[in-house]
file start-v9.cif (mmCIF, C-alpha atoms)
data_start
#
loop_
_atom_site.label_atom_id
_atom_site.label_comp_id
_atom_site.auth_asym_id
_atom_site.auth_seq_id
_atom_site.Cartn_x
_atom_site.Cartn_y
_atom_site.Cartn_z
CA MET A 30 -31.44 59.38 -5.81
CA GLU A 31 -28.12 58.46 -7.40
CA ASP A 32 -25.50 56.40 -5.58
CA SER A 33 -21.87 57.48 -5.03
CA ARG A 34 -20.51 55.69 -8.12
CA GLU A 35 -23.17 57.18 -10.39
CA ARG A 36 -22.53 60.64 -8.95
CA ALA A 37 -18.75 60.25 -9.34
CA ARG A 38 -19.14 59.18 -12.99
CA ARG A 39 -21.41 62.18 -13.67
CA VAL A 40 -18.99 64.59 -11.99
CA LEU A 41 -16.03 63.19 -13.93
CA ALA A 42 -17.94 63.56 -17.20
CA ASP A 43 -19.00 67.13 -16.30
CA ALA A 44 -15.34 67.96 -15.54
CA GLY A 45 -14.25 66.59 -18.94
CA LEU A 46 -12.63 63.48 -17.46
CA PRO A 47 -13.37 59.95 -18.68
CA PRO A 48 -16.03 58.45 -16.40
CA GLY A 49 -15.02 54.97 -17.54
CA ASP A 50 -11.70 55.41 -15.72
CA LEU A 51 -13.43 55.40 -12.33
CA ALA A 52 -11.91 52.63 -10.19
CA GLU A 53 -13.27 53.35 -6.72
CA VAL A 54 -15.29 55.78 -4.63
CA ARG A 55 -14.91 55.79 -0.87
CA PRO A 56 -16.21 58.07 1.87
CA LEU A 57 -13.80 60.35 3.71
CA ALA A 58 -14.28 61.49 7.29
CA GLY A 59 -14.17 65.10 8.36
CA GLY A 60 -16.91 66.73 6.34
CA THR A 61 -19.36 68.34 8.72
CA TYR A 62 -21.81 69.90 6.27
CA ASN A 63 -20.87 68.32 2.95
CA THR A 64 -20.53 64.67 2.04
CA VAL A 65 -16.84 64.08 1.24
CA GLU A 66 -15.66 61.23 -0.97
CA GLU A 67 -12.39 60.16 -2.56
CA ILE A 68 -12.59 59.35 -6.27
CA LEU A 69 -9.81 57.06 -7.47
CA LEU A 70 -9.18 56.59 -11.18
CA SER A 71 -7.66 53.49 -12.74
CA ASP A 72 -4.35 55.34 -13.39
CA GLY A 73 -4.01 56.15 -9.65
CA THR A 74 -5.17 59.78 -9.91
CA ARG A 75 -7.11 60.83 -6.83
CA TYR A 76 -9.79 63.49 -6.46
CA VAL A 77 -11.83 64.63 -3.50
CA LEU A 78 -15.50 65.29 -4.15
CA LYS A 79 -17.54 67.49 -1.82
CA VAL A 80 -21.29 67.24 -2.21
CA PRO A 81 -23.61 69.61 -0.37
CA PRO A 82 -26.87 68.27 0.99
CA PRO A 83 -30.02 68.75 -1.10
CA PRO A 84 -31.66 72.19 -0.95
CA THR A 85 -34.47 70.70 1.14
CA VAL A 86 -32.07 70.14 4.06
CA PRO A 87 -32.06 73.12 6.44
CA GLY A 88 -28.81 75.05 6.57
CA LEU A 89 -27.28 78.47 6.94
CA ARG A 90 -26.97 80.65 3.85
CA HIS A 91 -23.15 80.71 3.97
CA GLU A 92 -23.02 76.89 4.15
CA ARG A 93 -24.55 76.60 0.68
CA ARG A 94 -21.62 78.54 -0.79
CA LEU A 95 -18.82 76.74 1.09
CA PRO A 96 -17.54 74.72 -1.90
CA VAL A 97 -17.38 77.88 -4.04
CA ALA A 98 -15.53 79.76 -1.29
CA GLU A 99 -13.09 76.87 -0.85
CA ALA A 100 -12.40 76.80 -4.60
CA ALA A 101 -11.74 80.56 -4.58
CA PHE A 102 -9.36 80.16 -1.63
CA CYS A 103 -7.45 77.37 -3.38
CA ALA A 104 -7.15 79.43 -6.58
CA GLY A 105 -5.86 82.42 -4.61
CA ALA A 106 -3.33 80.26 -2.78
CA GLU A 107 -2.11 78.82 -6.08
CA ARG A 108 -1.69 82.34 -7.55
CA ALA A 109 0.31 83.32 -4.46
CA GLY A 110 2.58 80.29 -4.85
CA VAL A 111 1.24 78.54 -1.76
CA PRO A 112 0.69 74.78 -2.11
CA ALA A 113 -3.03 74.07 -2.19
CA PRO A 114 -5.35 71.59 -3.87
CA ARG A 115 -6.65 72.55 -7.29
CA ALA A 116 -10.42 72.90 -6.98
CA VAL A 117 -13.03 72.67 -9.70
CA THR A 118 -16.63 73.71 -9.17
CA LEU A 119 -19.42 72.42 -11.32
#
call {"tool": "encode", "arguments": {"input": "start-v9.cif", "output": "structure tokens"}}
result
Amino acid sequence: MEDSRERARRVLADAGLPPGDLAEVRPLAGGTYNTVEEILLSDGTRYVLKVPPPPTVPGLRHERRLPVAEAAFCAGAERAGVPAPRAVTL
């Protein structure tokens, strides 16, 4: 099992961002189903990472697709001119 820093570096690399710029990873409160963490880069850029539990953890079918649905909502809000976070799914 990878730790938060390893996961953050992998996610940054998968998103085409330099994993070596990772300065800090810290947990955020409020996620009920997903693990939520703040990723801080050395230049001050901040990202929020949502990580669903492993497939072996029981859950409802719609919960597995929550990050994808949230990304679609954010993209729709952006197209409509409504301020929303920019979401990337990997």
call {"tool": "residues_around", "arguments": {"input": "start-v9.cif", "residues": "Glu53 in chain A", "least_positions_apart": "3", "cutoff": "7 Å", "atoms": "all atoms listed in the file", "output": "ChimeraX atom specification"}}
result
/A:68-70
call {"tool": "resolve_selection", "arguments": {"input": "start-v9.cif", "expression": "the PyMOL selection byres ((chain A and resi 33) around 12)", "output": "MDAnalysis selection string"}}
result
chainID A and resid 30:32 34:40 51 53:56 64:68 78:80
call {"tool": "atom_distance", "arguments": {"input": "start-v9.cif", "atom1": "CA of Leu89 in chain A", "atom2": "CA of Thr61 in chain A"}}
result
13.0 Å
call {"tool": "closest_residue", "arguments": {"input": "start-v9.cif", "among": "A:Arg93, A:Phe102, A:Glu107, A:Tyr76", "to": "Ala44 in chain A", "atoms": "only C-alpha atoms"}}
result
A:Tyr76
call {"tool": "atom_distance", "arguments": {"input": "start-v9.cif", "atom1": "CA of Ala116 in chain A", "atom2": "CA of Ala101 in chain A"}}
result
8.1 Å
call {"tool": "atom_distance", "arguments": {"input": "start-v9.cif", "atom1": "CA of Leu57 in chain A", "atom2": "CA of Gly110 in chain A"}}
result
27.2 Å
call {"tool": "closest_residue", "arguments": {"input": "start-v9.cif", "among": "A:Leu46, A:Ala58, A:Ala100, A:Leu41", "to": "Ala113 in chain A", "atoms": "only C-alpha atoms"}}
result
A:Ala100
call {"tool": "build_atoms", "arguments": {"input": "start-v9.cif", "residues": "range 70-81 of chain A", "atoms": "all heavy atoms", "output": "tab-separated table (two decimals), in the coordinates of the input"}}
result
chain	number	residue	atom	x	y	z
A	70	LEU	N	-9.12	57.03	-9.79
A	70	LEU	CA	-9.18	56.59	-11.18
A	70	LEU	C	-8.25	55.40	-11.38
A	70	LEU	O	-7.35	55.15	-10.57
A	70	LEU	CB	-8.78	57.73	-12.12
A	70	LEU	CG	-9.62	59.00	-12.04
A	70	LEU	CD1	-9.20	59.99	-13.13
A	70	LEU	CD2	-11.10	58.71	-12.13
A	71	SER	N	-8.44	54.70	-12.48
A	71	SER	CA	-7.66	53.49	-12.74
A	71	SER	C	-6.17	53.77	-12.91
A	71	SER	O	-5.35	52.89	-12.68
A	71	SER	CB	-8.20	52.77	-13.99
A	71	SER	OG	-8.23	53.65	-15.09
A	72	ASP	N	-5.78	55.01	-13.25
A	72	ASP	CA	-4.35	55.34	-13.39
A	72	ASP	C	-3.74	55.80	-12.06
A	72	ASP	O	-2.58	56.20	-12.02
A	72	ASP	CB	-4.14	56.41	-14.47
A	72	ASP	CG	-4.70	57.78	-14.09
A	72	ASP	OD1	-5.29	57.94	-12.99
A	72	ASP	OD2	-4.56	58.71	-14.91
A	73	GLY	N	-4.51	55.76	-10.97
A	73	GLY	CA	-4.01	56.15	-9.65
A	73	GLY	C	-4.29	57.60	-9.28
A	73	GLY	O	-4.03	58.01	-8.15
A	74	THR	N	-4.82	58.38	-10.21
A	74	THR	CA	-5.17	59.78	-9.91
A	74	THR	C	-6.27	59.80	-8.87
A	74	THR	O	-7.21	59.01	-8.93
A	74	THR	CB	-5.64	60.50	-11.19
A	74	THR	OG1	-4.62	60.42	-12.17
A	74	THR	CG2	-5.97	61.96	-10.90
A	75	ARG	N	-6.13	60.72	-7.90
A	75	ARG	CA	-7.11	60.83	-6.83
A	75	ARG	C	-7.74	62.22	-6.86
A	75	ARG	O	-7.08	63.21	-7.08
A	75	ARG	CB	-6.43	60.63	-5.47
A	75	ARG	CG	-5.87	59.26	-5.28
A	75	ARG	CD	-5.06	59.15	-4.00
A	75	ARG	NE	-5.82	59.60	-2.85
A	75	ARG	CZ	-5.31	60.35	-1.86
A	75	ARG	NH1	-4.07	60.73	-1.89
A	75	ARG	NH2	-6.06	60.70	-0.86
A	76	TYR	N	-9.04	62.24	-6.60
A	76	TYR	CA	-9.79	63.49	-6.46
A	76	TYR	C	-10.61	63.41	-5.19
A	76	TYR	O	-10.97	62.32	-4.74
A	76	TYR	CB	-10.73	63.71	-7.65
A	76	TYR	CG	-10.03	63.93	-8.96
A	76	TYR	CD1	-9.83	62.87	-9.84
A	76	TYR	CD2	-9.56	65.19	-9.31
A	76	TYR	CE1	-9.18	63.07	-11.04
A	76	TYR	CE2	-8.90	65.38	-10.52
A	76	TYR	CZ	-8.71	64.33	-11.37
A	76	TYR	OH	-8.06	64.51	-12.56
A	77	VAL	N	-10.92	64.56	-4.64
A	77	VAL	CA	-11.83	64.63	-3.50
A	77	VAL	C	-13.09	65.35	-3.98
A	77	VAL	O	-13.01	66.43	-4.57
A	77	VAL	CB	-11.20	65.37	-2.30
A	77	VAL	CG1	-12.22	65.58	-1.19
A	77	VAL	CG2	-9.99	64.60	-1.78
A	78	LEU	N	-14.22	64.73	-3.74
A	78	LEU	CA	-15.50	65.29	-4.15
A	78	LEU	C	-16.27	65.72	-2.91
A	78	LEU	O	-16.44	64.93	-1.98
A	78	LEU	CB	-16.30	64.23	-4.92
A	78	LEU	CG	-17.73	64.59	-5.32
A	78	LEU	CD1	-17.72	65.78	-6.28
A	78	LEU	CD2	-18.41	63.39	-5.95
A	79	LYS	N	-16.69	66.97	-2.90
A	79	LYS	CA	-17.54	67.49	-1.82
A	79	LYS	C	-18.92	67.72	-2.40
A	79	LYS	O	-19.07	68.42	-3.40
A	79	LYS	CB	-16.98	68.78	-1.25
A	79	LYS	CG	-15.73	68.59	-0.45
A	79	LYS	CD	-15.36	69.89	0.24
A	79	LYS	CE	-14.24	69.64	1.22
A	79	LYS	NZ	-13.98	70.82	2.02
A	80	VAL	N	-19.91	67.14	-1.74
A	80	VAL	CA	-21.29	67.24	-2.21
A	80	VAL	C	-22.15	67.86	-1.11
A	80	VAL	O	-22.27	67.29	-0.03
A	80	VAL	CB	-21.84	65.85	-2.58
A	80	VAL	CG1	-23.25	65.96	-3.10
A	80	VAL	CG2	-20.93	65.16	-3.58
A	81	PRO	N	-22.73	69.03	-1.38
A	81	PRO	CA	-23.61	69.61	-0.37
A	81	PRO	C	-24.91	68.83	-0.27
A	81	PRO	O	-25.30	68.13	-1.21
A	81	PRO	CB	-23.85	71.03	-0.88
A	81	PRO	CG	-23.60	70.96	-2.34
A	81	PRO	CD	-22.60	69.86	-2.56
